[in-house]
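Have a look at the structure below before the remarks.
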Amino acid sequence: MMIYGQSTGILAIYAADSVRLNWLGIRWTPAVFQTVPAVFAILFGTLMAFLWSRLGQHQPPASLKYGVGLVLWGLGPAFMALPLRLYPATQRVSPLWLIGFYLLIVLGESLTSPVGTAMATRIAPHAFATQMITVFALSQSAGSALAAVTANWYRPGHEAAYFTIIGAIGWLAGIAMLLNHRRLSAMTE
């Protein structure tokens, strides 16, 4: 959620100031980019529901899905650091950079959000399932609060480093989860 928070603040400004808004013969507004995650959420949510239903008992463990999702969350900001390093601040870039960012983080979210909710109910004692779902929701709120805090570290001229660090946090959390997924699976299955 800390990473997603960047898209509604800093990247909304980036879309207005640094993205080429005439694309495919259409004049886009910066607000259009705020709808991209919703479209991807519908597409990837449908795809993941189909995939997990199709795989049934043969799907990967929840901890592995969550780890891959966290890596994807981290790759989004790392991907966004590329145009900030490759192009001067005065040059408007392709909207595909923002679309790529959204593609990565929403794909990551399609793995972490439903898995997190399912795991919260699975590991909680029956009498406390609702409370555990609330704790999971509070963790998402904490991520949004972290987005507000980290936005204070954003400095013009240092955007690439900012997004690299934000991405590294998500990527490293995902790698840690992937390295420990068997042990975590054994504890939660």
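Labels used: A, B, ... for chains in the order of the structure tokens, numbers from 1 for residues in each chain, and numbers from 1 for ligands as shown.
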Restrict the calculation to only C-alpha atoms, then for each residue of region 94-155 of chain A with any atom at most 12 Å from an atom of region 20-26 of chain A give the closest atom pair and their distance in Å to one decimal, rows by chain and rising residue number, as JSON lines.
```
{"residue": "A:Ser94", "atom": "CA", "partner": "A:Arg20", "partner_atom": "CA", "distance": 5.6}
{"residue": "A:Pro95", "atom": "CA", "partner": "A:Arg20", "partner_atom": "CA", "distance": 6.3}
{"residue": "A:Leu96", "atom": "CA", "partner": "A:Arg20", "partner_atom": "CA", "distance": 9.7}
{"residue": "A:Trp97", "atom": "CA", "partner": "A:Arg20", "partner_atom": "CA", "distance": 10.4}
{"residue": "A:Leu98", "atom": "CA", "partner": "A:Arg20", "partner_atom": "CA", "distance": 10.8}
```
Handout entry: Tyr4 (chain A) environment, 10 Å, only C-alpha atoms, sequence neighbours closer than 3 positions dropped, as a PyMOL selection string
Key = chain A and resi 1+7-9+11+37+73+76-77+101-102+105-106+109+143-144+147
Handout entry: Residue among A:Leu75, A:Leu70, A:Ala118, A:Ile42 lying closest to Thr130 (chain A), counting only C-alpha atoms
Key =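 The answer is A:Ala118, which sits nearest to Thr130 (chain A).
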Exercise for the section: Between CA of Ser185 (chain A) and CA of Ser63 (chain A), measure the distance and give it in Å to one decimal. Expected result: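 We find that CA of Ser185 (chain A) and CA of Ser63 (chain A) lie 6.0 Å from each other.
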Problem - Among the residues A:Ile175, A:Leu64, A:Ala49, A:Leu104, the one that comes closest to Ala78 (chain A) [using only C-alpha atoms] - result: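 The shortest atom-to-atom distance to Ala78 (chain A) comes from A:Leu104.
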Exercise for the section: Tell me, in Å to one decimal, how far CA of Ala173 (chain A) is from CA of Leu43 (chain A). Expected result: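 Separation between CA of Ala173 (chain A) and CA of Leu43 (chain A): 25.4 Å.
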Could I get the residues of region 95-172 of chain A with an atom no further than 12 Å from an atom of region 52-57 of chain A, each paired with its nearest atom pair and that distance in Å to one decimal, using only C-alpha atoms, sorted by chain and residue number, as a Markdown table?
```
| residue | atom | partner | partner_atom | distance |
| --- | --- | --- | --- | --- |
| A:Ser110 | CA | A:Trp52 | CA | 11.6 |
| A:Leu111 | CA | A:Trp52 | CA | 10.6 |
| A:Pro114 | CA | A:Trp52 | CA | 11.2 |
| A:Val115 | CA | A:Trp52 | CA | 11.1 |
```
Problem - Expected answer as a ChimeraX atom specification: strand (DSSP E or B) residues in chain A - result: /A:19,22-23,26-27,93
Exercise for the section: From chain A, collect each residue whose DSSP state is alpha helix (DSSP H) and return the set as a PyMOL selection string. Expected result: chain A and resi 2-8+10-18+36-55+62-86+96-123+129-150+159-179+181-188
Exercise for the section: Just the residues within 9 Å of region 81-85 of chain A, please, counting only C-alpha atoms, with nothing from its chain fewer than 2 positions along; format it as a list in words. Expected result: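 Listed by chain and then number, they are Gly76, Pro77, Ala78, Phe79, Tyr87, Pro88, Ala89, Val93, Trp97, His158, Glu159, Ala160, Ala161, Tyr162, Phe163, Thr164 and Gly167 of chain A.
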Practice task
Find the distance between CA of Met2 (chain A) and CA of Leu146 (chain A) and write it in Å to one decimal.
Solution key: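 For CA of Met2 (chain A) relative to CA of Leu146 (chain A), the distance reads 5.5 Å.
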